[in-house]
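Beneath this line is the structure, given in C-alpha coordinates, with notes to follow.
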Amino acid sequence: MSESKPRQKEKVEPEREFTKATSTSSEEPLSDMTKDKTSERRGSETASIKAHEFDPHFKHEISNFHGGEKLKQCFQCGTCTSDCPIARFSDSYRPRSLIRMALLGLKDRVLSSDTLWLCAACFTCTDRCPQDVEVASVIRIFRNIAVKRGVIPQIFKELGSNILENGIAYKIPELRLKKREQTGLPPLPKRNPKALEKLAKETGFLKKLKGSG
Amino acid sequence: MDVNKDSNQKAWLLFLGCAVPYRVSSYEISTRKVLAELDIKLVEMPEYNCCGLPIDPIDHEMMLILAARNLTLAEEKGLNLVVLCPGCAGTLRKVNKKLKESKMLREKINSYLKETGREFKGTIEAKHLLQLLIEDVGLEKIRSAVKKPLFNLQVSEHMGCHVTRPTGAVDFDNPENPEALKKLIEVTGAKYVDYIDKSACCGAPIAGVNDKIPLQLTKEKLIHVKDAGAQALITVCPFCHMMFDTNQPRIERMFNETFKIPVLHYPQLLGLAMGFSSEELNLKGLRVDPTPIISQVSDRAEGK
(Lines give C-alpha, C1' and ligand atoms only; values in the text may rest on other atoms or scores of the structure.)
Protein backbone atom coordinates (compact mmCIF):
# COMPACT_ATOMS: atom_id res chain seq x y z
CA MET A 1 0.00 0.00 0.00
CA SER A 2 2.63 2.46 1.02
CA GLU A 3 4.37 1.84 -2.29
CA SER A 4 1.38 2.45 -4.51
CA LYS A 5 0.59 5.89 -3.16
CA PRO A 6 3.50 7.91 -4.53
CA ARG A 7 3.19 6.10 -7.85
CA GLN A 8 -0.40 7.21 -8.17
CA LYS A 9 0.58 10.76 -7.38
CA GLU A 10 3.12 10.79 -10.18
CA LYS A 11 0.43 9.73 -12.61
CA VAL A 12 -2.07 12.39 -11.65
CA GLU A 13 0.14 15.45 -11.82
CA PRO A 14 0.77 15.69 -15.53
CA GLU A 15 -2.96 15.32 -16.18
CA ARG A 16 -3.75 18.20 -13.88
CA GLU A 17 -1.19 20.28 -15.64
CA PHE A 18 -2.81 19.49 -18.96
CA THR A 19 -6.33 20.34 -17.76
CA LYS A 20 -5.06 23.62 -16.43
CA ALA A 21 -3.42 24.42 -19.73
CA THR A 22 -6.46 23.67 -21.86
CA SER A 23 -8.90 25.50 -19.63
CA THR A 24 -6.73 28.61 -19.70
CA SER A 25 -6.53 28.51 -23.45
CA SER A 26 -10.27 28.06 -23.93
CA GLU A 27 -10.92 31.33 -22.10
CA GLU A 28 -8.92 33.16 -24.73
CA PRO A 29 -10.70 34.68 -27.71
CA LEU A 30 -8.37 32.57 -29.83
CA SER A 31 -10.21 29.45 -28.76
CA ASP A 32 -12.35 29.25 -31.89
CA MET A 33 -9.38 29.22 -34.15
CA THR A 34 -7.46 26.77 -32.02
CA LYS A 35 -10.36 24.40 -31.47
CA ASP A 36 -9.36 20.80 -31.90
CA LYS A 37 -12.01 19.76 -34.40
CA THR A 38 -10.61 16.26 -34.53
CA SER A 39 -12.13 15.42 -31.18
CA GLU A 40 -15.59 15.73 -32.69
CA ARG A 41 -14.85 12.75 -34.90
CA ARG A 42 -13.87 10.59 -31.98
CA GLY A 43 -17.43 9.29 -31.72
CA SER A 44 -17.64 7.72 -35.16
CA GLU A 45 -14.17 6.23 -34.87
CA THR A 46 -14.94 4.38 -31.67
CA ALA A 47 -18.42 3.24 -32.70
CA SER A 48 -18.82 -0.55 -32.81
CA ILE A 49 -17.41 -2.24 -35.88
CA LYS A 50 -19.80 -3.80 -38.40
CA ALA A 51 -18.73 -6.82 -40.44
CA HIS A 52 -19.38 -5.07 -43.76
CA GLU A 53 -16.77 -2.43 -42.91
CA PHE A 54 -13.82 -4.78 -43.28
CA ASP A 55 -11.74 -4.50 -46.40
CA PRO A 56 -9.24 -7.36 -46.12
CA HIS A 57 -7.18 -5.98 -49.03
CA PHE A 58 -6.49 -2.61 -47.44
CA LYS A 59 -3.35 -3.66 -45.56
CA HIS A 60 -1.92 -5.23 -48.72
CA GLU A 61 -2.72 -2.08 -50.66
CA ILE A 62 -0.74 -0.02 -48.11
CA SER A 63 2.16 -2.51 -48.11
CA ASN A 64 2.59 -1.98 -51.85
CA PHE A 65 3.57 1.66 -51.39
CA HIS A 66 7.09 2.87 -50.62
CA GLY A 67 7.26 3.17 -46.83
CA GLY A 68 4.31 0.84 -46.21
CA GLU A 69 6.18 -2.43 -46.71
CA LYS A 70 6.48 -3.30 -43.01
CA LEU A 71 2.93 -2.42 -41.95
CA LYS A 72 1.95 -6.04 -41.32
CA GLN A 73 4.82 -6.51 -38.84
CA CYS A 74 3.05 -4.29 -36.29
CA PHE A 75 2.34 -6.15 -33.03
CA GLN A 76 0.48 -3.26 -31.42
CA CYS A 77 2.95 -2.49 -28.64
CA GLY A 78 1.92 1.17 -28.69
CA THR A 79 5.42 2.66 -28.72
CA CYS A 80 4.33 5.00 -31.53
CA THR A 81 1.45 6.50 -29.59
CA SER A 82 3.24 6.70 -26.26
CA ASP A 83 6.21 8.52 -27.82
CA CYS A 84 4.15 10.74 -30.13
CA PRO A 85 4.45 14.44 -29.21
CA ILE A 86 1.10 15.22 -30.85
CA ALA A 87 -0.75 12.39 -29.08
CA ARG A 88 0.28 13.89 -25.75
CA PHE A 89 -1.86 16.94 -26.41
CA SER A 90 -4.53 15.59 -28.73
CA ASP A 91 -7.73 13.90 -27.57
CA SER A 92 -7.97 11.92 -30.75
CA TYR A 93 -4.69 11.42 -32.63
CA ARG A 94 -3.40 7.91 -31.91
CA PRO A 95 -1.01 6.43 -34.46
CA ARG A 96 -1.28 2.94 -32.95
CA SER A 97 -5.01 2.87 -33.41
CA LEU A 98 -4.78 4.14 -37.01
CA ILE A 99 -2.38 1.28 -37.72
CA ARG A 100 -4.69 -1.19 -35.96
CA MET A 101 -7.70 0.01 -37.95
CA ALA A 102 -5.72 -0.40 -41.18
CA LEU A 103 -4.68 -3.94 -40.23
CA LEU A 104 -8.31 -4.79 -39.48
CA GLY A 105 -9.31 -3.38 -42.86
CA LEU A 106 -11.37 -0.44 -41.64
CA LYS A 107 -10.46 1.49 -44.76
CA ASP A 108 -13.27 4.05 -44.72
CA ARG A 109 -12.74 4.92 -41.07
CA VAL A 110 -9.04 5.42 -41.57
CA LEU A 111 -9.32 7.48 -44.72
CA SER A 112 -12.13 9.72 -43.52
CA SER A 113 -10.54 10.36 -40.13
CA ASP A 114 -9.58 13.99 -39.51
CA THR A 115 -6.88 12.78 -37.15
CA LEU A 116 -4.89 11.61 -40.19
CA TRP A 117 -3.86 15.20 -40.73
CA LEU A 118 -2.41 15.68 -37.26
CA CYS A 119 0.82 13.75 -37.78
CA ALA A 120 3.71 16.25 -37.61
CA ALA A 121 6.04 13.85 -39.47
CA CYS A 122 8.69 14.17 -36.73
CA PHE A 123 9.52 10.48 -37.35
CA THR A 124 9.92 9.66 -33.66
CA CYS A 125 7.53 6.71 -34.11
CA THR A 126 9.36 5.49 -37.20
CA ASP A 127 12.70 5.66 -35.41
CA ARG A 128 11.50 3.88 -32.29
CA CYS A 129 9.19 1.17 -33.69
CA PRO A 130 10.62 -2.17 -32.53
CA GLN A 131 9.10 -3.85 -35.59
CA ASP A 132 10.54 -1.38 -38.11
CA VAL A 133 7.13 -0.18 -39.22
CA GLU A 134 7.62 3.23 -40.85
CA VAL A 135 4.63 4.61 -39.00
CA ALA A 136 4.92 8.19 -40.26
CA SER A 137 5.24 6.95 -43.84
CA VAL A 138 2.19 4.69 -43.43
CA ILE A 139 0.23 7.73 -42.28
CA ARG A 140 1.50 9.66 -45.29
CA ILE A 141 0.23 6.81 -47.50
CA PHE A 142 -3.20 7.01 -45.82
CA ARG A 143 -3.23 10.74 -46.56
CA ASN A 144 -2.21 10.29 -50.19
CA ILE A 145 -5.04 7.78 -50.67
CA ALA A 146 -7.54 10.06 -48.89
CA VAL A 147 -6.52 12.82 -51.34
CA LYS A 148 -7.32 10.52 -54.25
CA ARG A 149 -10.82 10.29 -52.75
CA GLY A 150 -11.05 14.07 -52.81
CA VAL A 151 -10.14 14.89 -49.20
CA ILE A 152 -7.52 17.68 -49.05
CA PRO A 153 -7.31 20.06 -46.08
CA GLN A 154 -7.33 23.67 -47.27
CA ILE A 155 -3.79 24.40 -46.12
CA PHE A 156 -2.30 21.79 -48.46
CA LYS A 157 -4.27 23.15 -51.41
CA GLU A 158 -2.84 26.58 -50.67
CA LEU A 159 0.72 25.33 -50.33
CA GLY A 160 0.40 23.29 -53.53
CA SER A 161 -1.04 26.19 -55.54
CA ASN A 162 1.61 28.56 -54.20
CA ILE A 163 4.35 26.19 -55.30
CA LEU A 164 2.96 26.01 -58.82
CA GLU A 165 2.57 29.80 -59.00
CA ASN A 166 5.77 30.95 -57.30
CA GLY A 167 8.05 27.93 -57.27
CA ILE A 168 8.05 28.03 -53.47
CA ALA A 169 5.34 27.41 -50.89
CA TYR A 170 4.73 31.06 -49.97
CA LYS A 171 4.07 34.18 -51.94
CA ILE A 172 6.61 36.68 -50.68
CA PRO A 173 5.35 40.29 -50.81
CA GLU A 174 7.27 42.64 -53.15
CA LEU A 175 8.08 44.93 -50.25
CA ARG A 176 9.82 42.13 -48.41
CA LEU A 177 11.81 41.19 -51.50
CA LYS A 178 13.04 44.78 -51.70
CA LYS A 179 13.85 44.77 -48.01
CA ARG A 180 16.08 41.73 -48.60
CA GLU A 181 18.36 43.81 -50.69
CA GLN A 182 18.31 46.71 -48.23
CA THR A 183 19.63 44.36 -45.55
CA GLY A 184 22.51 43.41 -47.84
CA LEU A 185 21.13 40.09 -49.07
CA PRO A 186 21.37 39.23 -52.77
CA PRO A 187 18.07 39.18 -54.67
CA LEU A 188 16.04 36.00 -54.20
CA PRO A 189 16.95 33.65 -57.07
CA LYS A 190 14.36 33.49 -59.87
CA ARG A 191 12.20 30.39 -59.95
CA ASN A 192 10.64 28.58 -62.87
CA PRO A 193 6.97 27.93 -62.12
CA LYS A 194 6.29 27.05 -65.75
CA ALA A 195 8.50 23.96 -65.48
CA LEU A 196 6.68 22.96 -62.30
CA GLU A 197 3.29 23.36 -63.88
CA LYS A 198 4.36 21.14 -66.73
CA LEU A 199 5.45 18.47 -64.25
CA ALA A 200 2.24 18.89 -62.27
CA LYS A 201 0.16 18.31 -65.40
CA GLU A 202 2.20 15.27 -66.30
CA THR A 203 1.78 13.60 -62.89
CA GLY A 204 -1.85 14.52 -62.33
CA PHE A 205 -0.93 16.71 -59.34
CA LEU A 206 -2.65 19.71 -60.93
CA LYS A 207 -5.88 17.75 -61.24
CA LYS A 208 -5.67 16.72 -57.59
CA LEU A 209 -5.31 20.33 -56.50
CA LYS A 210 -8.24 21.46 -58.57
CA GLY A 211 -10.49 18.60 -57.49
CA SER A 212 -12.98 19.43 -54.75
CA GLY A 213 -11.84 18.70 -51.23
CA MET B 1 29.35 7.80 -56.90
CA ASP B 2 30.24 10.55 -54.46
CA VAL B 3 32.59 12.30 -56.84
CA ASN B 4 32.10 15.60 -55.08
CA LYS B 5 32.77 14.34 -51.58
CA ASP B 6 36.17 15.95 -51.93
CA SER B 7 36.81 17.68 -48.63
CA ASN B 8 38.75 20.50 -50.31
CA GLN B 9 35.62 21.71 -51.97
CA LYS B 10 34.83 25.17 -50.66
CA ALA B 11 31.96 26.30 -52.87
CA TRP B 12 28.45 25.17 -51.96
CA LEU B 13 25.16 25.79 -53.68
CA LEU B 14 22.82 27.54 -51.23
CA PHE B 15 19.31 26.10 -51.03
CA LEU B 16 17.16 28.75 -49.35
CA GLY B 17 13.83 26.93 -49.38
CA CYS B 18 10.55 28.72 -48.70
CA ALA B 19 10.29 29.72 -45.04
CA VAL B 20 13.69 31.39 -44.72
CA PRO B 21 13.17 34.03 -47.45
CA TYR B 22 9.51 34.34 -46.47
CA ARG B 23 9.86 35.19 -42.81
CA VAL B 24 13.19 34.28 -41.26
CA SER B 25 15.80 36.42 -43.00
CA SER B 26 17.98 36.87 -39.91
CA TYR B 27 18.85 33.18 -40.23
CA GLU B 28 20.05 33.77 -43.79
CA ILE B 29 21.87 37.01 -42.97
CA SER B 30 23.81 35.44 -40.09
CA THR B 31 24.53 32.24 -42.02
CA ARG B 32 26.10 34.16 -44.89
CA LYS B 33 28.25 36.17 -42.45
CA VAL B 34 29.67 33.20 -40.55
CA LEU B 35 30.19 30.92 -43.55
CA ALA B 36 32.17 33.61 -45.38
CA GLU B 37 34.38 33.85 -42.29
CA LEU B 38 34.90 30.08 -42.46
CA ASP B 39 36.01 30.22 -46.12
CA ILE B 40 32.83 28.69 -47.47
CA LYS B 41 31.75 30.27 -50.72
CA LEU B 42 28.00 30.27 -51.28
CA VAL B 43 26.70 30.09 -54.83
CA GLU B 44 23.15 31.28 -55.54
CA MET B 45 20.67 28.80 -56.97
CA PRO B 46 18.51 30.18 -59.77
CA GLU B 47 15.50 28.11 -60.91
CA TYR B 48 15.23 26.37 -57.55
CA ASN B 49 11.85 25.27 -56.24
CA CYS B 50 10.24 24.14 -53.00
CA CYS B 51 11.90 20.95 -51.74
CA GLY B 52 8.57 19.15 -51.96
CA LEU B 53 8.00 18.38 -48.28
CA PRO B 54 4.89 20.58 -47.87
CA ILE B 55 3.01 18.52 -50.47
CA ASP B 56 4.27 15.08 -49.41
CA PRO B 57 1.03 14.56 -47.46
CA ILE B 58 -1.05 14.99 -50.60
CA ASP B 59 1.19 13.56 -53.32
CA HIS B 60 4.34 11.62 -52.49
CA GLU B 61 5.35 11.24 -56.12
CA MET B 62 5.14 14.97 -56.80
CA MET B 63 7.30 15.54 -53.71
CA LEU B 64 9.93 13.18 -55.15
CA ILE B 65 9.86 15.06 -58.45
CA LEU B 66 10.22 18.50 -56.84
CA ALA B 67 13.12 17.31 -54.69
CA ALA B 68 14.78 15.55 -57.63
CA ARG B 69 14.49 18.65 -59.80
CA ASN B 70 16.45 20.63 -57.21
CA LEU B 71 19.07 17.91 -57.05
CA THR B 72 19.50 18.02 -60.84
CA LEU B 73 20.14 21.79 -60.65
CA ALA B 74 23.00 21.13 -58.24
CA GLU B 75 24.32 18.29 -60.38
CA GLU B 76 24.37 20.64 -63.35
CA LYS B 77 26.59 23.04 -61.42
CA GLY B 78 28.68 20.23 -60.02
CA LEU B 79 28.19 21.56 -56.49
CA ASN B 80 26.94 20.07 -53.24
CA LEU B 81 23.92 21.66 -51.61
CA VAL B 82 23.92 23.40 -48.25
CA VAL B 83 20.43 23.73 -46.81
CA LEU B 84 19.23 26.01 -44.01
CA CYS B 85 15.86 24.41 -43.27
CA PRO B 86 15.96 20.90 -41.74
CA GLY B 87 12.70 20.02 -43.51
CA CYS B 88 14.27 20.78 -46.89
CA ALA B 89 17.58 19.17 -45.90
CA GLY B 90 15.90 15.97 -44.72
CA THR B 91 13.78 15.79 -47.86
CA LEU B 92 16.65 16.42 -50.26
CA ARG B 93 18.91 13.94 -48.45
CA LYS B 94 16.23 11.27 -48.30
CA VAL B 95 15.24 11.61 -51.95
CA ASN B 96 18.87 11.81 -53.08
CA LYS B 97 19.61 8.57 -51.25
CA LYS B 98 16.48 6.80 -52.50
CA LEU B 99 17.07 7.76 -56.11
CA LYS B 100 20.73 6.77 -55.96
CA GLU B 101 19.80 3.36 -54.51
CA SER B 102 16.75 2.42 -56.54
CA LYS B 103 17.15 2.18 -60.28
CA MET B 104 13.44 1.58 -60.68
CA LEU B 105 12.45 4.71 -58.81
CA ARG B 106 15.15 6.75 -60.55
CA GLU B 107 13.86 5.70 -63.96
CA LYS B 108 10.31 6.55 -63.00
CA ILE B 109 11.18 10.03 -61.69
CA ASN B 110 13.47 10.67 -64.66
CA SER B 111 10.67 9.82 -67.06
CA TYR B 112 8.84 12.89 -65.68
CA LEU B 113 11.90 15.13 -65.41
CA LYS B 114 12.70 14.37 -69.04
CA GLU B 115 9.69 16.47 -70.01
CA THR B 116 11.56 19.51 -68.74
CA GLY B 117 14.93 18.44 -70.13
CA ARG B 118 16.37 17.21 -66.85
CA GLU B 119 17.78 13.96 -65.54
CA PHE B 120 18.76 12.82 -62.05
CA LYS B 121 22.24 11.32 -62.13
CA GLY B 122 23.17 11.01 -58.46
CA THR B 123 26.43 12.93 -58.44
CA ILE B 124 26.08 15.36 -55.53
CA GLU B 125 25.35 15.49 -51.81
CA ALA B 126 22.92 17.66 -49.85
CA LYS B 127 23.67 18.70 -46.28
CA HIS B 128 22.03 20.74 -43.58
CA LEU B 129 24.06 23.69 -42.32
CA LEU B 130 24.90 21.82 -39.09
CA GLN B 131 26.24 18.87 -41.01
CA LEU B 132 28.37 21.14 -43.17
CA LEU B 133 29.78 22.82 -40.06
CA ILE B 134 30.57 19.53 -38.31
CA GLU B 135 31.74 17.41 -41.24
CA ASP B 136 33.21 19.82 -43.76
CA VAL B 137 34.33 22.90 -41.85
CA GLY B 138 35.19 21.03 -38.66
CA LEU B 139 35.17 22.08 -35.01
CA GLU B 140 38.85 23.02 -35.02
CA LYS B 141 38.46 25.57 -37.76
CA ILE B 142 35.39 27.03 -36.07
CA ARG B 143 37.22 27.21 -32.74
CA SER B 144 40.04 29.17 -34.34
CA ALA B 145 37.51 31.64 -35.78
CA VAL B 146 36.08 32.37 -32.31
CA LYS B 147 37.55 35.73 -31.28
CA LYS B 148 35.28 36.60 -28.37
CA PRO B 149 34.26 33.43 -26.52
CA LEU B 150 30.81 33.71 -24.92
CA PHE B 151 31.88 32.49 -21.48
CA ASN B 152 29.13 34.49 -19.77
CA LEU B 153 26.30 32.79 -21.58
CA GLN B 154 24.27 29.68 -20.74
CA VAL B 155 22.19 28.38 -23.62
CA SER B 156 20.02 25.40 -24.59
CA GLU B 157 19.23 23.94 -27.97
CA HIS B 158 16.20 22.88 -29.93
CA MET B 159 17.63 21.17 -32.97
CA GLY B 160 14.52 20.30 -34.97
CA CYS B 161 13.44 16.79 -35.92
CA HIS B 162 14.48 16.57 -39.53
CA VAL B 163 18.17 17.26 -38.90
CA THR B 164 18.45 13.69 -37.58
CA ARG B 165 15.19 11.84 -38.27
CA PRO B 166 14.38 9.35 -39.67
CA THR B 167 17.72 7.84 -38.73
CA GLY B 168 18.35 5.52 -41.68
CA ALA B 169 17.37 8.07 -44.30
CA VAL B 170 19.14 11.15 -42.97
CA ASP B 171 22.31 9.54 -41.59
CA PHE B 172 23.47 12.33 -39.33
CA ASP B 173 24.00 12.50 -35.55
CA ASN B 174 21.90 10.51 -33.08
CA PRO B 175 18.32 11.70 -32.58
CA GLU B 176 18.06 10.03 -29.17
CA ASN B 177 21.16 11.79 -27.89
CA PRO B 178 22.09 14.51 -30.37
CA GLU B 179 25.56 15.99 -30.10
CA ALA B 180 26.15 18.11 -33.20
CA LEU B 181 24.57 21.32 -31.97
CA LYS B 182 25.90 20.77 -28.45
CA LYS B 183 29.47 20.64 -29.77
CA LEU B 184 28.88 23.68 -31.95
CA ILE B 185 27.50 25.65 -29.00
CA GLU B 186 30.38 24.68 -26.72
CA VAL B 187 32.88 25.82 -29.36
CA THR B 188 31.55 29.37 -28.95
CA GLY B 189 32.52 29.30 -25.27
CA ALA B 190 28.90 29.37 -24.09
CA LYS B 191 27.83 26.93 -21.40
CA TYR B 192 25.53 24.24 -22.73
CA VAL B 193 22.40 23.58 -20.67
CA ASP B 194 20.52 20.31 -21.03
CA TYR B 195 16.80 19.87 -20.39
CA ILE B 196 14.21 17.11 -20.54
CA ASP B 197 12.46 16.54 -23.87
CA LYS B 198 15.31 18.31 -25.63
CA SER B 199 14.85 16.30 -28.81
CA ALA B 200 11.04 16.48 -28.81
CA CYS B 201 9.17 18.07 -31.73
CA CYS B 202 7.80 21.63 -31.45
CA GLY B 203 4.72 20.69 -33.46
CA ALA B 204 5.18 23.35 -36.14
CA PRO B 205 4.37 21.10 -39.14
CA ILE B 206 0.72 20.78 -38.12
CA ALA B 207 0.18 24.45 -37.27
CA GLY B 208 -1.80 24.88 -40.51
CA VAL B 209 -4.26 22.16 -39.48
CA ASN B 210 -4.38 22.67 -35.71
CA ASP B 211 -2.38 25.36 -33.95
CA LYS B 212 -3.46 24.57 -30.41
CA ILE B 213 -1.30 21.46 -30.10
CA PRO B 214 1.95 23.03 -31.41
CA LEU B 215 1.50 25.98 -29.04
CA GLN B 216 1.09 23.57 -26.12
CA LEU B 217 4.15 21.57 -27.14
CA THR B 218 6.24 24.70 -27.51
CA LYS B 219 5.00 26.05 -24.19
CA GLU B 220 6.07 22.85 -22.43
CA LYS B 221 9.51 23.03 -23.93
CA LEU B 222 9.88 26.69 -23.00
CA ILE B 223 9.01 25.81 -19.41
CA HIS B 224 11.74 23.16 -19.41
CA VAL B 225 14.27 25.52 -20.97
CA LYS B 226 13.47 28.18 -18.40
CA ASP B 227 13.64 25.72 -15.49
CA ALA B 228 17.03 24.56 -16.72
CA GLY B 229 18.31 28.11 -16.34
CA ALA B 230 19.14 28.81 -19.98
CA GLN B 231 19.46 32.47 -20.99
CA ALA B 232 18.71 31.73 -24.61
CA LEU B 233 17.52 28.94 -26.87
CA ILE B 234 19.41 28.08 -30.05
CA THR B 235 17.65 26.76 -33.16
CA VAL B 236 18.67 25.79 -36.68
CA CYS B 237 15.21 25.59 -38.26
CA PRO B 238 13.02 28.44 -39.55
CA PHE B 239 9.81 26.71 -38.45
CA CYS B 240 11.03 25.84 -34.96
CA HIS B 241 12.27 29.41 -34.70
CA MET B 242 8.83 30.78 -35.53
CA MET B 243 7.32 28.56 -32.85
CA PHE B 244 9.77 29.58 -30.12
CA ASP B 245 10.45 33.19 -31.05
CA THR B 246 7.59 34.63 -33.12
CA ASN B 247 4.94 32.76 -31.13
CA GLN B 248 6.53 33.22 -27.70
CA PRO B 249 4.53 36.35 -26.73
CA ARG B 250 1.33 34.64 -27.87
CA ILE B 251 2.17 31.54 -25.84
CA GLU B 252 2.85 33.74 -22.80
CA ARG B 253 -0.58 35.34 -23.16
CA MET B 254 -2.44 32.10 -23.83
CA PHE B 255 -0.98 30.17 -20.93
CA ASN B 256 -0.35 33.04 -18.56
CA GLU B 257 3.37 32.38 -18.41
CA THR B 258 6.43 34.60 -18.60
CA PHE B 259 9.45 33.33 -20.48
CA LYS B 260 11.27 36.19 -22.21
CA ILE B 261 13.77 33.68 -23.58
CA PRO B 262 15.61 35.04 -26.63
CA VAL B 263 15.75 32.50 -29.44
CA LEU B 264 18.84 32.81 -31.63
CA HIS B 265 19.64 31.06 -34.89
CA TYR B 266 22.86 29.15 -34.33
CA PRO B 267 24.86 31.29 -36.81
CA GLN B 268 23.84 34.34 -34.76
CA LEU B 269 25.39 32.81 -31.67
CA LEU B 270 28.50 31.77 -33.55
CA GLY B 271 28.64 35.19 -35.19
CA LEU B 272 28.66 36.92 -31.80
CA ALA B 273 31.55 34.70 -30.75
CA MET B 274 33.38 35.56 -33.96
CA GLY B 275 33.07 39.22 -33.08
CA PHE B 276 30.29 40.31 -35.42
CA SER B 277 28.05 43.06 -34.06
CA SER B 278 24.40 42.42 -33.23
CA GLU B 279 23.49 44.68 -36.18
CA GLU B 280 25.55 42.62 -38.61
CA LEU B 281 23.77 39.48 -37.39
CA ASN B 282 20.35 41.17 -37.50
CA LEU B 283 19.55 40.40 -33.87
CA LYS B 284 16.95 43.15 -33.98
CA GLY B 285 15.01 40.92 -36.38
CA LEU B 286 14.14 38.68 -33.44
CA ARG B 287 10.72 38.94 -31.81
CA VAL B 288 11.85 38.26 -28.25
CA ASP B 289 14.17 41.04 -27.13
CA PRO B 290 17.77 39.74 -27.17
CA THR B 291 19.16 42.77 -25.27
CA PRO B 292 20.05 40.70 -22.16
CA ILE B 293 22.22 38.47 -24.36
CA ILE B 294 23.80 41.39 -26.18
CA SER B 295 24.68 43.16 -22.95
CA GLN B 296 26.26 39.97 -21.58
CA VAL B 297 28.38 39.84 -24.71
CA SER B 298 29.41 43.50 -24.59
CA ASP B 299 30.13 43.37 -20.83
CA ARG B 300 32.62 40.67 -21.59
CA ALA B 301 34.12 42.65 -24.46
CA GLU B 302 34.72 45.55 -22.12
CA GLY B 303 36.42 43.18 -19.69
CA LYS B 304 33.84 43.54 -16.91
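Within each chain, counting starts at residue 1; across the C-alpha coordinates, chains are named A, B, ... in the order shown, with ligands numbered 1 upward in that order.
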Exercise answer, chain A residues close to chain B, 6 Å and only C-alpha atoms, as a list in words: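 Going by the stated atoms only, the list reads Ser25, Thr34, Phe89, Ala120, Cys122, Phe123, Asp127, Arg140, Arg143, Asn144, Val147, Ile155, Gly167, Ile168, Ala169, Ile172, Pro189, Lys190, Arg191 and Asn192 of chain A.
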Just the selected residues (N, CA and C atoms), exported as an mmCIF file, in the first residue's frame, please.
data_model
loop_
_atom_site.group_PDB
_atom_site.id
_atom_site.type_symbol
_atom_site.label_atom_id
_atom_site.label_comp_id
_atom_site.auth_asym_id
_atom_site.auth_seq_id
_atom_site.Cartn_x
_atom_site.Cartn_y
_atom_site.Cartn_z
ATOM 1 N N SER A 25 -6.508 28.123 -22.049
ATOM 2 C CA SER A 25 -6.529 28.514 -23.452
ATOM 3 C C SER A 25 -7.965 28.702 -23.952
ATOM 4 N N THR A 34 -8.338 27.849 -32.470
ATOM 5 C CA THR A 34 -7.457 26.775 -32.022
ATOM 6 C C THR A 34 -8.235 25.524 -31.639
ATOM 7 N N PHE A 89 -0.966 15.796 -26.580
ATOM 8 C CA PHE A 89 -1.856 16.939 -26.410
ATOM 9 C C PHE A 89 -3.124 16.849 -27.243
ATOM 10 N N ALA A 120 2.767 15.170 -37.320
ATOM 11 C CA ALA A 120 3.710 16.252 -37.614
ATOM 12 C C ALA A 120 4.912 15.742 -38.402
ATOM 13 N N CYS A 122 7.422 13.980 -37.453
ATOM 14 C CA CYS A 122 8.691 14.168 -36.735
ATOM 15 C C CYS A 122 9.521 12.889 -36.784
ATOM 16 N N PHE A 123 8.873 11.788 -37.160
ATOM 17 C CA PHE A 123 9.521 10.476 -37.349
ATOM 18 C C PHE A 123 10.015 9.825 -36.065
ATOM 19 N N ASP A 127 11.385 5.975 -35.971
ATOM 20 C CA ASP A 127 12.701 5.664 -35.410
ATOM 21 C C ASP A 127 12.624 4.650 -34.273
ATOM 22 N N ARG A 140 1.418 8.887 -44.042
ATOM 23 C CA ARG A 140 1.496 9.664 -45.286
ATOM 24 C C ARG A 140 0.789 8.923 -46.427
ATOM 25 N N ARG A 143 -2.864 9.389 -46.116
ATOM 26 C CA ARG A 143 -3.227 10.740 -46.563
ATOM 27 C C ARG A 143 -3.276 10.805 -48.083
ATOM 28 N N ASN A 144 -2.254 10.261 -48.720
ATOM 29 C CA ASN A 144 -2.212 10.289 -50.190
ATOM 30 C C ASN A 144 -3.442 9.597 -50.783
ATOM 31 N N VAL A 147 -6.518 11.735 -50.345
ATOM 32 C CA VAL A 147 -6.524 12.815 -51.336
ATOM 33 C C VAL A 147 -7.114 12.320 -52.660
ATOM 34 N N ILE A 155 -5.169 23.923 -46.197
ATOM 35 C CA ILE A 155 -3.787 24.404 -46.120
ATOM 36 C C ILE A 155 -2.903 23.759 -47.186
ATOM 37 N N GLY A 167 6.879 28.802 -57.387
ATOM 38 C CA GLY A 167 8.050 27.926 -57.269
ATOM 39 C C GLY A 167 8.332 27.543 -55.829
ATOM 40 N N ILE A 168 7.884 28.377 -54.882
ATOM 41 C CA ILE A 168 8.046 28.032 -53.466
ATOM 42 C C ILE A 168 6.686 28.129 -52.764
ATOM 43 N N ALA A 169 6.626 27.622 -51.540
ATOM 44 C CA ALA A 169 5.338 27.409 -50.886
ATOM 45 C C ALA A 169 4.647 28.687 -50.394
ATOM 46 N N ILE A 172 5.905 35.674 -51.473
ATOM 47 C CA ILE A 172 6.612 36.683 -50.681
ATOM 48 C C ILE A 172 6.264 38.071 -51.212
ATOM 49 N N PRO A 189 16.809 34.245 -55.742
ATOM 50 C CA PRO A 189 16.949 33.646 -57.072
ATOM 51 C C PRO A 189 15.590 33.476 -57.758
ATOM 52 N N LYS A 190 15.592 33.691 -59.081
ATOM 53 C CA LYS A 190 14.364 33.494 -59.866
ATOM 54 C C LYS A 190 13.974 32.019 -59.836
ATOM 55 N N ARG A 191 12.668 31.778 -59.864
ATOM 56 C CA ARG A 191 12.200 30.393 -59.949
ATOM 57 C C ARG A 191 11.619 30.136 -61.332
ATOM 58 N N ASN A 192 11.174 28.937 -61.561
ATOM 59 C CA ASN A 192 10.639 28.580 -62.871
ATOM 60 C C ASN A 192 9.302 27.837 -62.733
#
Nearby residues (only C-alpha atoms) at most 9 Å from A:Asp55, same-chain spacing under 4 positions excluded, as a list in words: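 The filter keeps Lys59, Ala102, Leu104, Gly105, Leu106, Lys107 and Asp108 of chain A.
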Alpha helix (DSSP H) residues, from DSSP on the backbone, in stretch 23-170 of chain B, as a PyMOL selection string: chain B and resi 23+25-37+60-77+86-101+103-113+129-131+139-145+167-170
Nearest residue to A:Pro130 from the set A:Pro95, A:Pro153, A:Gly160, A:Gly78 (distances using only C-alpha atoms):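 Closest candidate: A:Gly78.
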Interatomic distance, atom CA of A:Gly68 to atom CA of A:Leu111 (Å, one decimal):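 Taking atom CA of A:Gly68 as the start and atom CA of A:Leu111 as the end point, the length is 15.2 Å.
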